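Since the structure comes first, as structure tokens, the remarks are kept for the end.
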Amino acid sequence: MTAPHDSENGKDPGDTGSPPRAPSREETSARLRRQAEERLQTADESAPRALALEEAKRLIHELHVHQIELELQNDELLRTQEALETARSRYFDLYDLAPIGYVTLTEEGMIREANIAAAALLETPRVGLAGRPLTRFIRPEDQDILYRCRHRLHTTREPQTCELRLRESQGVSRWVRLDGCLEPHRIGSQGHWRATISDITASKEGEQRLLDAQTRLKRVAGIADVGFLEWNPRTGAVVLPPAVHSPTSDAQDAAAPQTLDAWLARLHPEDREPVQAAFARFATDCEAPPELHYRRRGHQHSENGDYRWFAAYLEPIMDDRGRLDRILVVHQDVTQRKESEARALHLVQHDPLTGLPGRSLLAPMAAQMIAGAGRAGKRLAVLFVDLDGFKPINDNYGHAAGDEVLRQTAQRLRASFRADDLVARLGGDEFVIVLSNIRDEDNAAIAAGTAVAALSRPYRVAQQELTCLPTIGISLYPDDATTIDALIKCADLAMYHAKQVSPGQFQFATAALERQSRAVAALKDGLREAVSQNGFRLLYQPTLDLRSGAVIGVEALLRWPQADGGEIAPLVFLPIAESIGIIHDLGAWVLREVLRQHRAWLAEGLPPIAVTVNVSGRQFRHQSFLQRITDALHDGGVDPALVSLALGEATLLQDTSTSRRLLDKLHALGVRVALDDFGVGASCLGEIKDLPLDALEINRTLVKGLDDKARAPAIVETIVRLGHAMQIKVTAIGVETEPELGAVRDLGCDRAQGFYLGKPMTGDGLAAWYRSRPPVPGSDPSDAAADER
């Protein structure tokens with residue numbers, strides 16, 4: 001690199017680096033003239049005159065020739081000088097307009113010359129740069145870098161490079177690269193040196209962004225516990241990417257594997273072959289599962305080290321021709337996730353209170369036991385255990401005491417059976433035990449007897465001794481069923497039967513119980529179909545005033561007719577309707593049909609007749625009960641005072657405060673309430689007297705026993721007096737003979753209902769029956785209803 005301005009400014013006359021200057025035309029002519037004169041003079045002195053003339057002519061000729069040669073040489077020199085000037089001008093243009101900065105500096109670092117690019121980088125006009133130190137433009141913290149670079153340059157005499165930052169301008173600092181060398185003609189001695197200055201801000205910012213990205217990726221990898229490796233399918237080599245790895249990645253291990261086989265050797269033996277096969281498939285078709293799970297030992301030399309779970313993701317790395325070059329394996333430590341999943345699965349499959357397998361785990365484990373027994377030709381037994389009296393423990397001692405009873409029950413059951421038997425909890429106080437490899441029924445009976453004895457002992461809970469008698473139902477495989485669901489169902493039926501006939505004992509499933517179960521299932525299906533198809537009908541039985549004989553109302557009686565002409569009694573199908581949840585729809589239909597029939601009677605000219613509708617306990621307690629009654633009365637267009645709801649004492653006394661609140665709301669609607677079947681339950685008269693009732697209905701059992709002069713009449717008389725004391729009407733239900741009618745009249749009953757007075761009839765039949773009766777003075781039902789209001 002040269003500085004063209006040195007010679008042009010004449011600052012260094014002794015500079016020998018410039019080419020020798022050609023003599024001018026005048027100097028050459030003067031030299032030739034002197035030589036010619038010298039030769040002419042010599043010729044005049046030593047030769048005759050004739051020879052002198054000849055010599056003069058020859059010299060003149062020679063001078064002319066030489067003159068022409070000089071002119072030609074002078075023309076060539078002029079052309080060379082023009083070419084040199086053109087080259088010098090081009091050099092100056094390249095120097096001044098170069099895209100990088102050029103500066104010439106003294107040994108002390110003072111700027112002598114600078115091109116336009118250097119002036120722009122240093123943000124100073126060129127005329128203002130001369131004589132100023134370059135350090136003036138360098139950030140103070142980077143000036144030592146420049147000093148060391150210049151020191152190495154003068155010490156080694158070799159070109160030097162350094163990177164540093166210029167002083168900030170408007171809050172922006174730029175990076176530059178400085179390449180320095182000594183001036184060519186001063187290599188032999190210390191002196192001026194030259195440098196190029198290149199703006200590398202963009203590359204530095206890119207490097208910084210890359211470093212920041214690598215740092216962020218490293219931190220993210222550390223937080224997410226993610227590691228990386230690259231596998232070359234052609235060579236089998238495993239490469240660990242530098243700088244980016246997680247604390248658990250292979251890069252942390254000084255003995256990290258260098259081949260895929262070495263890496264696979266650190267996996268769990270059960271996982272090596274599947275992982276290797278997945279890698280091979282990916283190398284062939286670049287298709288891999290979303291996640292590849294495997295277990296890996298933490299350190300290569302830790303043979304007994306714990307394995308940790310990893311989830312790996314495979315990504316292809318292509319070469320410039322689009323062919324697979326390497327495979328990137330991103331793996332994450334998911335040990336905690338696996339452990340959490342295992343704990344969650346255990347919680348899902350096991351009962352959290354007792355630790356026993358739950359319903360979700362019982363099915364697959366029992367199915368596996370059944371399959372093994374089937375292959376071996378052996379038998380199994382399923383025991384269904386229920387604790388009698390568990391609910392009172394919860395109610396009287398609290399749920400904490402109930403939970404402790406269940407925990408102790410689980411411990412006793414585990415201790416009562418073999419290790420290869422399955423003990424599970426279905427929920428509540430229900431447990432299931434699957435006995436493996438039994439010989440016959442006697443084996444199952446002995447095991448059930450052992451369980452009954454263990455569970456019958458008192459439970460010590462909070463300084464109390466509590467007792468829950470177990471009832472067990474037993475089913476056998478393959479005698480009773482071949483699937484676990486069917487076996488549990490059979491055992492459940494046997495348990496339910498045992499609770500009815502012999503609580504605290506065990507009962508085997510039988511064909512009769514199975515037939516009963518099928519019959520109940522058929523009833524359930526038939527009930528659902530009857531509700532959806534309006535397959536029920538209502539009959540109406542009149543109620544008479546015992547003083548006047550007038551009809552003061554009717555009771556709606558639900559019937560379920562069958563295709564063969566028979567009927568299924570309400571006592572049979574109503575409990576089933578409650579158990580399957582259709583009692584609410586059925587009750588709503590009854591009320592709508594009663595109101596429709598009432599309107600039909602009015603349209604036929606009958607007086608307003610009060611109608612009583614029976615309501616079950618489950619209906620009464622349902623949250624939509626009041627709304628259903630309100631909607632039906634609103635749509636029915638019937639005076640609510642003509643509607644009476646009959647409720648059993650067990651329903652009303654279950655929760656007297658709630659019952660009182662609901663009865664008040666029914667009265668607010670104008671509906672009347674009767675206490676049904678009074679006298680056969682464990683009634684508390686103190687609670688009954690506080691309920692807002694409108695009538696008492698004496699159960700048929702007491703009416704039928706009025707011939708027992710010792711007890712029944714006294715009980716009925718007590719009920720009548722209670723009703724009158726509460727200022728409500730008392731009705732005797734089930735009067736079927738003349739003596740019974742006379743007895744209830746003599747005991748003071750206000751009303752009576754029964755076959756002797758009028759059998760249950762259809763709506764049209766009741767209208768005909770009513771018209772055929774002789775008129776009774778004061779027998780208008782509307783007057784009776786008004787009187788009761």
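Naming works like this for the structure tokens: A, B, ... for the chains as they're shown, residue 1 at the start of each chain, ligands 1 onward in shown order.
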message: Applying 10 Å and only C-alpha atoms, which residues near range 435-448 of chain A remain after dropping the ones on its own chain fewer than 5 positions away? List them as number ranges by chain.
response: A: 366, 369-370, 372-373, 376-385, 416-423, 453-454, 471-477, 505-508
message: Could you go through range 292-394 of chain A and tell me which residues DSSP, when run on the backbone, assigns to strand (DSSP E or B), listing them as a PyMOL selection string?
response: chain A and resi 292-297+307-318+324-333+350+357+379-388
message: DSSP on the backbone, alpha helix (DSSP H) only: what residues of range 273-520 of chain A does that give? Format it as a PyMOL selection string.
response: chain A and resi 273-285+335-349+359-376+390-397+399-416+441-456+484-501+511-520
message: Residues near Pro274 in chain A, anyone? I mean within 10 Å using only C-alpha atoms, not counting same-chain ones fewer than 5 positions away, as a list in words.
response: Pro269, Phe279, Ala280, Leu292, His293 and Tyr294 of chain A
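When the distance limit is 9 Å and only C-alpha atoms are what count, the residues near Gly723 in chain A, minus those fewer than 4 positions from it on the same chain, are Lys689, Ala695, Leu696, Thr718, Ile719, Gln727, Ile728, Lys729 and Val730 of chain A.
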- prompt: Suppose you want the space between CA of Ala118 in chain A and CA of Leu166 in chain A; what is it in Å?
  reply: 11.9 Å
Polymer residues at most 12 Å from Leu626 in chain A, only C-alpha atoms, same-chain spacing of 2 or more positions, as a PyMOL selection string: chain A and resi 584+588+619-624+628-633+661-669+671
Restrict the selected residues to N, CA and C atoms and save them as a PDB file, in the first residue's frame.
```
ATOM      1  N   HIS A 584     -90.200 -39.313  38.859  1.00  0.00           N
ATOM      2  CA  HIS A 584     -90.546 -37.900  38.711  1.00  0.00           C
ATOM      3  C   HIS A 584     -91.385 -37.682  37.447  1.00  0.00           C
ATOM      4  N   ALA A 588     -95.332 -36.621  37.409  1.00  0.00           N
ATOM      5  CA  ALA A 588     -95.820 -35.479  36.630  1.00  0.00           C
ATOM      6  C   ALA A 588     -96.961 -35.898  35.708  1.00  0.00           C
ATOM      7  N   GLN A 619     -90.049 -38.200  45.215  1.00  0.00           N
ATOM      8  CA  GLN A 619     -90.650 -37.061  44.515  1.00  0.00           C
ATOM      9  C   GLN A 619     -90.646 -35.825  45.404  1.00  0.00           C
ATOM     10  N   PHE A 620     -91.083 -36.007  46.650  1.00  0.00           N
ATOM     11  CA  PHE A 620     -91.238 -34.889  47.565  1.00  0.00           C
ATOM     12  C   PHE A 620     -89.911 -34.194  47.834  1.00  0.00           C
ATOM     13  N   ARG A 621     -88.820 -34.959  47.874  1.00  0.00           N
ATOM     14  CA  ARG A 621     -87.510 -34.382  48.187  1.00  0.00           C
ATOM     15  C   ARG A 621     -86.792 -33.832  46.964  1.00  0.00           C
ATOM     16  N   HIS A 622     -87.294 -34.078  45.789  1.00  0.00           N
ATOM     17  CA  HIS A 622     -86.592 -33.635  44.588  1.00  0.00           C
ATOM     18  C   HIS A 622     -86.664 -32.117  44.456  1.00  0.00           C
ATOM     19  N   GLN A 623     -85.579 -31.535  43.961  1.00  0.00           N
ATOM     20  CA  GLN A 623     -85.486 -30.073  43.890  1.00  0.00           C
ATOM     21  C   GLN A 623     -86.511 -29.455  42.933  1.00  0.00           C
ATOM     22  N   SER A 624     -87.017 -30.237  41.981  1.00  0.00           N
ATOM     23  CA  SER A 624     -87.970 -29.687  41.017  1.00  0.00           C
ATOM     24  C   SER A 624     -89.420 -29.974  41.388  1.00  0.00           C
ATOM     25  N   ARG A 628     -92.706 -28.421  39.505  1.00  0.00           N
ATOM     26  CA  ARG A 628     -93.581 -29.301  38.723  1.00  0.00           C
ATOM     27  C   ARG A 628     -95.042 -29.120  39.150  1.00  0.00           C
ATOM     28  N   ILE A 629     -95.301 -29.037  40.470  1.00  0.00           N
ATOM     29  CA  ILE A 629     -96.662 -28.835  40.954  1.00  0.00           C
ATOM     30  C   ILE A 629     -97.210 -27.498  40.472  1.00  0.00           C
ATOM     31  N   THR A 630     -96.373 -26.463  40.569  1.00  0.00           N
ATOM     32  CA  THR A 630     -96.803 -25.118  40.151  1.00  0.00           C
ATOM     33  C   THR A 630     -97.150 -25.093  38.677  1.00  0.00           C
ATOM     34  N   ASP A 631     -96.273 -25.668  37.831  1.00  0.00           N
ATOM     35  CA  ASP A 631     -96.511 -25.669  36.384  1.00  0.00           C
ATOM     36  C   ASP A 631     -97.768 -26.455  36.041  1.00  0.00           C
ATOM     37  N   ALA A 632     -97.971 -27.617  36.706  1.00  0.00           N
ATOM     38  CA  ALA A 632     -99.144 -28.432  36.403  1.00  0.00           C
ATOM     39  C   ALA A 632    -100.436 -27.711  36.777  1.00  0.00           C
ATOM     40  N   LEU A 633    -100.438 -27.066  37.938  1.00  0.00           N
ATOM     41  CA  LEU A 633    -101.640 -26.325  38.345  1.00  0.00           C
ATOM     42  C   LEU A 633    -101.912 -25.143  37.432  1.00  0.00           C
ATOM     43  N   ARG A 661     -91.206 -26.661  55.743  1.00  0.00           N
ATOM     44  CA  ARG A 661     -91.003 -25.586  54.769  1.00  0.00           C
ATOM     45  C   ARG A 661     -91.702 -25.896  53.447  1.00  0.00           C
ATOM     46  N   LEU A 662     -91.596 -27.143  52.985  1.00  0.00           N
ATOM     47  CA  LEU A 662     -92.251 -27.519  51.735  1.00  0.00           C
ATOM     48  C   LEU A 662     -93.775 -27.496  51.869  1.00  0.00           C
ATOM     49  N   LEU A 663     -94.292 -27.953  53.003  1.00  0.00           N
ATOM     50  CA  LEU A 663     -95.745 -27.932  53.197  1.00  0.00           C
ATOM     51  C   LEU A 663     -96.286 -26.511  53.221  1.00  0.00           C
ATOM     52  N   ASP A 664     -95.537 -25.608  53.832  1.00  0.00           N
ATOM     53  CA  ASP A 664     -95.963 -24.197  53.825  1.00  0.00           C
ATOM     54  C   ASP A 664     -96.034 -23.654  52.401  1.00  0.00           C
ATOM     55  N   LYS A 665     -95.089 -24.046  51.568  1.00  0.00           N
ATOM     56  CA  LYS A 665     -95.101 -23.567  50.183  1.00  0.00           C
ATOM     57  C   LYS A 665     -96.258 -24.187  49.408  1.00  0.00           C
ATOM     58  N   LEU A 666     -96.594 -25.452  49.715  1.00  0.00           N
ATOM     59  CA  LEU A 666     -97.748 -26.074  49.057  1.00  0.00           C
ATOM     60  C   LEU A 666     -99.045 -25.374  49.479  1.00  0.00           C
ATOM     61  N   HIS A 667     -99.156 -25.055  50.740  1.00  0.00           N
ATOM     62  CA  HIS A 667    -100.339 -24.321  51.193  1.00  0.00           C
ATOM     63  C   HIS A 667    -100.421 -22.942  50.556  1.00  0.00           C
ATOM     64  N   ALA A 668     -99.268 -22.335  50.326  1.00  0.00           N
ATOM     65  CA  ALA A 668     -99.267 -21.040  49.659  1.00  0.00           C
ATOM     66  C   ALA A 668     -99.806 -21.156  48.240  1.00  0.00           C
ATOM     67  N   LEU A 669     -99.613 -22.316  47.625  1.00  0.00           N
ATOM     68  CA  LEU A 669    -100.179 -22.545  46.295  1.00  0.00           C
ATOM     69  C   LEU A 669    -101.680 -22.846  46.366  1.00  0.00           C
ATOM     70  N   VAL A 671    -102.757 -25.818  47.719  1.00  0.00           N
ATOM     71  CA  VAL A 671    -102.871 -27.276  47.691  1.00  0.00           C
ATOM     72  C   VAL A 671    -103.008 -27.787  49.124  1.00  0.00           C
TER      73      VAL A 671
END
```
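When CA of Ala277 in chain A is paired with CA of Glu339 in chain A, their separation reads 25.9 Å.
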Which residues come within 6 Å of range 124-130 of chain A, counting only C-alpha atoms, excluding same-chain residues fewer than 4 positions away, as a PDB file with all heavy atoms, in the first residue's frame?
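Okay, this is what ended up in result-v1.pdb:
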```pdb
ATOM      1  N   ILE A 111      -2.377  10.917  12.926  1.00  0.00           N
ATOM      2  CA  ILE A 111      -2.889  10.725  11.572  1.00  0.00           C
ATOM      3  C   ILE A 111      -2.198  11.703  10.639  1.00  0.00           C
ATOM      4  O   ILE A 111      -2.196  12.929  10.868  1.00  0.00           O
ATOM      5  CB  ILE A 111      -4.408  10.933  11.541  1.00  0.00           C
ATOM      6  CG1 ILE A 111      -5.105   9.920  12.446  1.00  0.00           C
ATOM      7  CG2 ILE A 111      -4.935  10.810  10.122  1.00  0.00           C
ATOM      8  CD1 ILE A 111      -6.599  10.130  12.568  1.00  0.00           C
ATOM      9  N   ARG A 112      -1.618  11.182   9.549  1.00  0.00           N
ATOM     10  CA  ARG A 112      -1.028  12.022   8.514  1.00  0.00           C
ATOM     11  C   ARG A 112      -1.996  12.219   7.364  1.00  0.00           C
ATOM     12  O   ARG A 112      -2.178  13.314   6.868  1.00  0.00           O
ATOM     13  CB  ARG A 112       0.268  11.384   7.989  1.00  0.00           C
ATOM     14  CG  ARG A 112       1.378  11.313   9.037  1.00  0.00           C
ATOM     15  CD  ARG A 112       2.620  10.612   8.466  1.00  0.00           C
ATOM     16  NE  ARG A 112       3.118  11.351   7.307  1.00  0.00           N
ATOM     17  CZ  ARG A 112       3.463  10.782   6.158  1.00  0.00           C
ATOM     18  NH1 ARG A 112       3.294   9.467   6.000  1.00  0.00           N
ATOM     19  NH2 ARG A 112       3.938  11.503   5.153  1.00  0.00           N
ATOM     20  N   ALA A 119     -12.622   9.206   6.997  1.00  0.00           N
ATOM     21  CA  ALA A 119     -13.210  10.413   7.577  1.00  0.00           C
ATOM     22  C   ALA A 119     -14.665  10.184   7.966  1.00  0.00           C
ATOM     23  O   ALA A 119     -15.137  10.682   8.998  1.00  0.00           O
ATOM     24  CB  ALA A 119     -13.089  11.566   6.584  1.00  0.00           C
TER      25      ALA A 119
END
```
